[in-house]
$ cat work.txt   # compact mmCIF, C-alpha atoms
# COMPACT_ATOMS: atom_id res chain seq x y z
CA MET A 1 14.04 0.27 -10.26
CA ALA A 2 10.27 -0.06 -9.93
CA GLU A 3 10.20 -2.95 -12.38
CA ALA A 4 12.95 -4.77 -10.52
CA ALA A 5 11.34 -4.18 -7.18
CA LEU A 6 8.06 -5.64 -8.40
CA GLN A 7 9.51 -9.09 -7.95
CA SER A 8 8.18 -10.45 -4.68
CA ALA A 9 10.60 -11.94 -2.16
CA GLU A 10 8.20 -14.80 -1.46
CA PRO A 11 5.64 -15.24 -4.22
CA GLY A 12 2.41 -16.67 -2.92
CA VAL A 13 2.95 -15.28 0.58
CA ALA A 14 3.86 -11.66 0.06
CA PRO A 15 1.93 -9.57 -2.46
CA ASN A 16 3.25 -9.70 -6.00
CA GLY A 17 3.94 -6.00 -6.32
CA PRO A 18 4.18 -2.86 -4.25
CA VAL A 19 1.54 -1.86 -1.73
CA GLN A 20 0.63 1.78 -2.05
CA LEU A 21 -0.92 4.14 0.47
CA CYS A 22 -1.92 7.74 -0.10
CA VAL A 23 -2.30 9.55 3.20
CA PRO A 24 -3.03 13.11 4.30
CA PRO A 25 -0.05 14.87 5.91
CA GLU A 26 -1.25 14.32 9.46
CA PRO A 27 0.77 12.97 12.41
CA SER A 28 -1.88 10.37 13.19
CA MET A 29 -1.14 8.73 9.83
CA SER A 30 2.25 7.62 11.10
CA ARG A 31 0.71 4.89 13.21
CA VAL A 32 -1.58 3.83 10.37
CA ALA A 33 1.34 3.53 7.98
CA ARG A 34 3.43 1.62 10.53
CA LEU A 35 0.63 -0.86 11.05
CA ALA A 36 0.28 -1.42 7.31
CA ALA A 37 4.02 -1.81 6.81
CA SER A 38 4.49 -4.13 9.77
CA GLY A 39 1.60 -6.29 8.58
CA LEU A 40 3.12 -6.59 5.16
CA ALA A 41 6.57 -7.26 6.58
CA SER A 42 5.16 -9.99 8.82
CA LEU A 43 3.42 -11.55 5.84
CA ALA A 44 6.74 -11.55 4.00
CA GLY A 45 8.48 -13.40 6.82
CA CYS A 46 10.52 -10.54 8.26
CA THR A 47 11.98 -11.10 11.71
CA VAL A 48 10.80 -9.13 14.72
CA ASP A 49 13.95 -6.99 14.60
CA GLU A 50 13.46 -6.31 10.90
CA ILE A 51 9.85 -5.31 11.50
CA GLU A 52 10.97 -2.89 14.22
CA ASP A 53 13.46 -1.35 11.78
CA ILE A 54 10.78 -1.09 9.09
CA LYS A 55 8.40 0.65 11.50
CA ILE A 56 11.08 3.18 12.39
CA ALA A 57 11.91 3.73 8.71
CA VAL A 58 8.25 4.34 7.84
CA SER A 59 7.88 6.76 10.73
CA GLU A 60 11.01 8.71 9.76
CA VAL A 61 9.89 8.94 6.13
CA LEU A 62 6.60 10.43 7.29
CA ILE A 63 8.29 12.82 9.73
CA ALA A 64 10.45 14.14 6.92
CA LEU A 65 7.57 14.57 4.50
CA ILE A 66 5.01 15.92 6.98
CA GLU A 67 7.22 18.22 9.06
CA HIS A 68 9.37 19.45 6.19
CA GLY A 69 6.92 19.16 3.29
CA GLU A 70 4.37 21.66 2.17
CA GLY A 71 1.14 20.01 3.21
CA GLY A 72 0.53 17.96 0.10
CA ARG A 73 -0.75 14.41 0.22
CA ILE A 74 1.86 11.74 0.77
CA ASP A 75 2.29 8.73 -1.45
CA LEU A 76 3.82 5.76 0.35
CA GLU A 77 4.91 2.55 -1.26
CA PHE A 78 6.05 -0.63 0.47
CA ASP A 79 7.81 -3.20 -1.62
CA LEU A 80 9.81 -6.38 -1.30
CA ALA A 81 12.94 -6.73 -3.36
CA ARG A 82 14.73 -9.93 -4.26
CA PRO A 83 18.49 -10.29 -3.94
CA GLY A 84 20.32 -8.99 -6.96
CA THR A 85 17.73 -6.41 -7.97
CA VAL A 86 18.39 -2.70 -7.99
CA ALA A 87 16.48 -2.29 -4.73
CA GLY A 88 18.13 -5.25 -3.07
CA PRO A 89 21.60 -5.62 -4.60
CA HIS A 90 23.04 -7.43 -1.60
CA GLY A 91 20.05 -9.47 -0.48
CA ALA A 92 16.31 -9.43 0.06
CA ALA A 93 15.04 -6.11 1.28
CA PHE A 94 11.94 -4.23 2.35
CA VAL A 95 11.72 -0.94 0.51
CA VAL A 96 9.85 2.10 1.80
CA ARG A 97 9.29 4.96 -0.63
CA GLY A 98 7.62 8.24 0.22
CA ARG A 99 6.83 11.21 -2.00
CA SER A 100 5.06 14.50 -1.54
CA PRO A 101 4.85 17.54 -3.83
CA VAL A 102 7.07 20.46 -2.80
CA THR A 103 8.54 23.58 -4.31
CA SER A 104 11.56 23.38 -1.99
CA PHE A 105 12.84 20.96 0.63
CA ALA A 106 15.30 22.03 3.35
CA LEU A 107 17.68 19.09 3.24
CA ASP A 108 20.03 20.66 5.80
CA HIS A 109 17.41 21.39 8.46
CA PRO A 110 18.67 20.00 11.82
CA ASP A 111 15.48 18.01 12.43
CA LEU A 112 15.76 16.46 8.99
CA LEU A 113 19.37 15.59 9.74
CA LEU A 114 18.17 13.74 12.86
CA CYS A 115 15.71 11.87 10.63
CA ARG A 116 18.55 10.99 8.28
CA THR A 117 20.71 9.78 11.17
CA VAL A 118 17.95 7.47 12.37
CA LEU A 119 17.23 6.21 8.86
CA GLU A 120 20.90 5.47 8.31
CA GLY A 121 20.93 3.61 11.61
CA VAL A 122 18.13 1.21 10.71
CA CYS A 123 18.42 0.99 6.91
CA THR A 124 21.01 -0.45 4.56
CA SER A 125 20.46 2.62 2.43
CA ALA A 126 18.42 5.79 2.74
CA GLU A 127 18.12 8.52 0.14
CA ILE A 128 16.45 11.86 0.82
CA GLY A 129 16.10 14.33 -2.00
CA THR A 130 13.87 16.04 -4.51
CA VAL A 131 12.72 14.53 -7.79
CA GLU A 132 10.47 16.24 -10.33
CA GLY A 133 8.82 18.65 -7.89
CA HIS A 134 8.51 16.10 -5.12
CA ALA A 135 10.38 15.46 -1.91
CA GLN A 136 11.28 11.80 -2.13
CA ILE A 137 12.70 9.37 0.38
CA VAL A 138 13.70 5.80 -0.37
CA ALA A 139 14.63 3.68 2.63
CA VAL A 140 15.79 0.08 2.25
CA VAL A 141 15.79 -2.33 5.19
CA ALA A 142 17.71 -5.54 4.62
CA MET A 143 15.93 -8.83 5.24
CA ALA A 144 17.47 -12.11 6.27
CA GLU A 145 17.60 -14.66 3.48
CA PRO A 146 14.42 -16.74 3.41
CA ASN A 147 14.94 -20.34 4.55
CA MET B 148 -2.22 8.41 39.01
CA THR B 149 -3.55 11.84 38.16
CA GLY B 150 -3.99 14.08 35.18
CA PRO B 151 -4.23 11.61 32.33
CA THR B 152 -3.83 12.95 28.82
CA ASN B 153 -4.96 10.82 25.93
CA ASP B 154 -4.09 10.61 22.30
CA ASP B 155 -4.49 7.95 19.64
CA SER B 156 -0.99 6.67 20.15
CA VAL B 157 0.15 7.66 23.63
CA THR B 158 -1.11 8.16 27.17
CA VAL B 159 0.75 10.15 29.78
CA ASP B 160 0.04 9.87 33.51
CA LEU B 161 1.60 11.41 36.57
CA ASP B 162 2.63 9.07 39.37
CA GLY B 163 3.68 11.51 42.03
CA ASP B 164 6.42 13.52 40.36
CA VAL B 165 7.11 10.86 37.76
CA ILE B 166 5.79 11.18 34.21
CA VAL B 167 4.66 7.73 33.09
CA VAL B 168 4.36 7.22 29.34
CA HIS B 169 2.35 4.44 27.69
CA GLY B 170 2.29 3.71 23.96
CA ASP B 171 4.06 5.26 20.99
CA ILE B 172 6.12 8.45 21.19
CA ASP B 173 5.81 9.48 17.58
CA MET B 174 4.69 12.57 15.69
CA ALA B 175 1.28 12.36 17.33
CA GLY B 176 2.46 11.27 20.77
CA GLY B 177 5.51 13.53 21.05
CA PRO B 178 3.50 16.73 21.58
CA VAL B 179 1.43 15.01 24.28
CA LEU B 180 4.59 14.06 26.14
CA GLU B 181 6.01 17.53 25.54
CA ALA B 182 2.95 19.15 27.12
CA ALA B 183 3.17 16.85 30.14
CA MET B 184 6.87 17.61 30.60
CA LEU B 185 6.30 21.36 30.38
CA GLN B 186 3.47 21.11 32.88
CA GLN B 187 5.68 19.17 35.25
CA GLU B 188 8.50 21.67 34.84
CA GLU B 189 6.11 24.47 35.79
CA GLN B 190 5.39 22.64 39.05
CA ASP B 191 9.04 23.09 39.98
CA PRO B 192 9.75 26.82 39.73
CA ASP B 193 13.14 26.44 41.42
CA GLY B 194 14.05 23.86 38.80
CA ASP B 195 16.19 21.89 41.18
CA ARG B 196 14.32 18.60 40.93
CA PRO B 197 15.20 16.22 38.11
CA LEU B 198 12.47 15.47 35.61
CA VAL B 199 11.81 11.73 35.88
CA ILE B 200 10.17 9.96 32.97
CA ASP B 201 9.11 6.31 33.16
CA LEU B 202 9.37 4.77 29.69
CA GLY B 203 8.67 1.18 30.69
CA ASP B 204 5.42 1.03 28.73
CA VAL B 205 6.72 2.75 25.62
CA SER B 206 6.38 0.45 22.63
CA PHE B 207 7.76 2.73 19.93
CA ILE B 208 9.76 5.92 19.59
CA ASP B 209 11.00 7.83 16.56
CA SER B 210 13.06 10.97 16.03
CA SER B 211 10.11 13.27 16.67
CA GLY B 212 9.60 11.64 20.07
CA LEU B 213 13.30 11.80 20.74
CA ARG B 214 13.27 15.53 19.96
CA SER B 215 10.73 16.05 22.73
CA LEU B 216 13.00 14.26 25.21
CA LEU B 217 16.08 16.12 23.99
CA GLY B 218 14.23 19.44 24.38
CA ALA B 219 13.39 18.57 27.97
CA GLY B 220 17.03 17.65 28.54
CA ARG B 221 18.21 21.02 27.22
CA ARG B 222 15.74 22.89 29.41
CA ALA B 223 16.74 20.83 32.44
CA ARG B 224 20.45 21.51 31.94
CA ALA B 225 19.73 25.22 31.48
CA ARG B 226 18.25 25.32 34.98
CA GLY B 227 20.99 23.12 36.44
CA SER B 228 18.94 19.94 36.55
CA GLU B 229 18.63 16.79 34.48
CA VAL B 230 16.19 14.40 32.85
CA VAL B 231 16.12 10.92 34.35
CA LEU B 232 14.83 8.08 32.19
CA ARG B 233 13.39 5.15 34.12
CA ARG B 234 12.71 1.61 32.78
CA VAL B 235 14.24 2.31 29.40
CA GLY B 236 13.24 -0.37 26.90
CA SER B 237 15.21 -1.66 23.94
CA GLU B 238 13.30 0.56 21.50
CA VAL B 239 14.30 3.74 23.31
CA ALA B 240 17.84 2.55 24.06
CA ARG B 241 18.42 1.73 20.41
CA LEU B 242 17.29 5.15 19.20
CA LEU B 243 19.46 6.87 21.79
CA ASP B 244 22.37 4.74 20.63
CA ILE B 245 21.80 5.37 16.92
CA THR B 246 21.64 9.12 17.45
CA GLY B 247 24.45 9.26 19.99
CA THR B 248 22.24 11.01 22.53
CA THR B 249 22.38 8.56 25.45
CA SER B 250 24.67 10.93 27.36
CA GLN B 251 22.01 13.64 27.28
CA PHE B 252 20.05 11.76 29.93
CA VAL B 253 20.52 9.97 33.20
CA ILE B 254 19.47 6.36 32.60
CA GLU B 255 18.17 5.21 35.97
CA SER B 256 17.10 1.71 34.96
CA HIS B 257 16.31 -0.51 32.03
CA ARG B 258 13.06 -2.36 31.49
CA GLY B 259 13.32 -5.90 32.77
$ encode --input "work.txt" --output "structure tokens"
Amino acid sequence: MAEAALQSAEPGVAPNGPVQLCVPPEPSMSRVARLAASGLASLAGCTVDEIEDIKIAVSEVLIALIEHGEGGRIDLEFDLARPGTVAGPHGAAFVVRGRSPVTSFALDHPDLLLCRTVLEGVCTSAEIGTVEGHAQIVAVVAMAEPN
Amino acid sequence: MTGPTNDDSVTVDLDGDVIVVHGDIDMAGGPVLEAAMLQQEEQDPDGDRPLVIDLGDVSFIDSSGLRSLLGAGRRARARGSEVVLRRVGSEVARLLDITGTTSQFVIESHRG
């Protein structure tokens, strides 16, 4: 998946590879991450509506990992996926991945369910789970086809 | 305007009995709004006045911000009152729609 997602949607405009941020689990980091993601999305030619969806997705990923994680640092990755790749099987997409180390992750907590509802409302796909000792969230926001 | 409270992402003012929110209601801003709402609720011991929140200058809201509003709505209903949202923008309206929580509030007006 990572290899497929490394293909940039618009080579020469968007970065050729994922952009990674490692942030402390603090609420103030939500705004920082949204600014980074929206800047990248703008660079990639996302529409205003898509950028708004991406900002919400980033915020929800951080809510899930900060409020329901265990205080470990959070690794965020923003990526652009071309149509036909694993990350963007139905079209170009902006992919938000977040990971934080945990020993357990309450997937059925009501607040996390609200997060999931919002993610599902703004994303074409959203996966929340645990992988190799980490809480992991992958949120994919569809992008309009580049002209 | 009195009693401003500042945070990196949000500012909350009081305009008479109306809570006026500026900025982002996110993980950092939600608690600021929550504190302002609780303070306002304490000013109304009978609990018969609706809690009015002006969201016209809100540029972003996420589920943590929504939780603060939903909490105020629950408290208001428990005392037989309601939360009135004024100048609701598209960002707030969309989140209410996605989560199916629009009916938890009285929407007085939308942002022009």
$ interface_residues --input "work.txt" --of "chain B" --to "chain A" --cutoff "6 Å" --atoms "all atoms listed in the file" --output "MDAnalysis selection string"
chainID B and resid 174:175 245
$ residues_around --input "work.txt" --residues "Gly170 of chain B" --least-positions-apart "6" --cutoff "12 Å" --atoms "only C-alpha atoms" --output "ChimeraX atom specification"
/A:31 /B:153-160,176-177,179-180,201-208,212,238
$ closest_residue --input "work.txt" --among "A:Gly45, A:Gly91, A:Gly98, A:Gly69" --to "Val19 of chain A" --atoms "only C-alpha atoms"
A:Gly98
$ closest_residue --input "work.txt" --among "B:Leu243, B:Ile172, B:Leu232, B:Leu185" --to "Ala219 of chain B" --atoms "all atoms listed in the file"
B:Leu185
$ atom_distance --input "work.txt" --atom1 "atom CA of Gly194 of chain B" --atom2 "atom CA of Leu161 of chain B"
17.7 Å
$ closest_residue --input "work.txt" --among "A:Glu50, A:Ser38, A:Val102, A:Leu113" --to "Gly133 of chain A" --atoms "only C-alpha atoms"
A:Val102
$ atom_distance --input "work.txt" --atom1 "atom CA of Thr248 of chain B" --atom2 "atom CA of Arg97 of chain A"
27.2 Å
$ atom_distance --input "work.txt" --atom1 "atom CA of Gln251 of chain B" --atom2 "atom CA of Arg221 of chain B"
8.3 Å
$ residues_near_point --input "work.txt" --point "(13.5, -5.6, 0.7)" --cutoff "7 Å" --atoms "all atoms listed in the file" --output "number ranges by chain"
A: 79-82, 88, 92-95, 140-143
$ residues_around --input "work.txt" --residues "Val199 of chain B" --least-positions-apart "4" --cutoff "10 Å" --atoms "only C-alpha atoms" --output "PDB file with C-alpha atoms, in the coordinates of the input"
ATOM      1  CA  ASP B 164       6.420  13.520  40.360  1.00  0.00           C
ATOM      2  CA  VAL B 165       7.110  10.860  37.760  1.00  0.00           C
ATOM      3  CA  ILE B 166       5.790  11.180  34.210  1.00  0.00           C
ATOM      4  CA  VAL B 167       4.660   7.730  33.090  1.00  0.00           C
ATOM      5  CA  MET B 184       6.870  17.610  30.600  1.00  0.00           C
ATOM      6  CA  GLN B 187       5.680  19.170  35.250  1.00  0.00           C
ATOM      7  CA  GLU B 229      18.630  16.790  34.480  1.00  0.00           C
ATOM      8  CA  VAL B 230      16.190  14.400  32.850  1.00  0.00           C
ATOM      9  CA  VAL B 231      16.120  10.920  34.350  1.00  0.00           C
ATOM     10  CA  LEU B 232      14.830   8.080  32.190  1.00  0.00           C
ATOM     11  CA  ARG B 233      13.390   5.150  34.120  1.00  0.00           C
ATOM     12  CA  VAL B 253      20.520   9.970  33.200  1.00  0.00           C
ATOM     13  CA  ILE B 254      19.470   6.360  32.600  1.00  0.00           C
ATOM     14  CA  GLU B 255      18.170   5.210  35.970  1.00  0.00           C
TER      15      GLU B 255
END
$ closest_residue --input "work.txt" --among "B:Leu198, B:Val168, B:Ala182, B:Leu216" --to "Ser228 of chain B" --atoms "all atoms listed in the file"
B:Leu198
$ residues_around --input "work.txt" --residues "Ala139 of chain A" --least-positions-apart "3" --cutoff "6 Å" --atoms "only C-alpha atoms" --output "number ranges by chain"
A: 95-96, 125-126
$ residues_around --input "work.txt" --residues "Gln20 of chain A" --least-positions-apart "3" --cutoff "8 Å" --atoms "only C-alpha atoms" --output "JSON, numbers by chain"
{"A": [75, 76, 77, 78]}
$ write_last_selection --input "work.txt" --atoms "C-alpha atoms" --output "short mmCIF file (atom, residue, chain, number, x, y, z; two decimals), in the coordinates of the input"
data_model
loop_
_atom_site.label_atom_id
_atom_site.label_comp_id
_atom_site.auth_asym_id
_atom_site.auth_seq_id
_atom_site.Cartn_x
_atom_site.Cartn_y
_atom_site.Cartn_z
CA ASP A 75 2.29 8.73 -1.45
CA LEU A 76 3.82 5.76 0.35
CA GLU A 77 4.91 2.55 -1.26
CA PHE A 78 6.05 -0.63 0.47
#
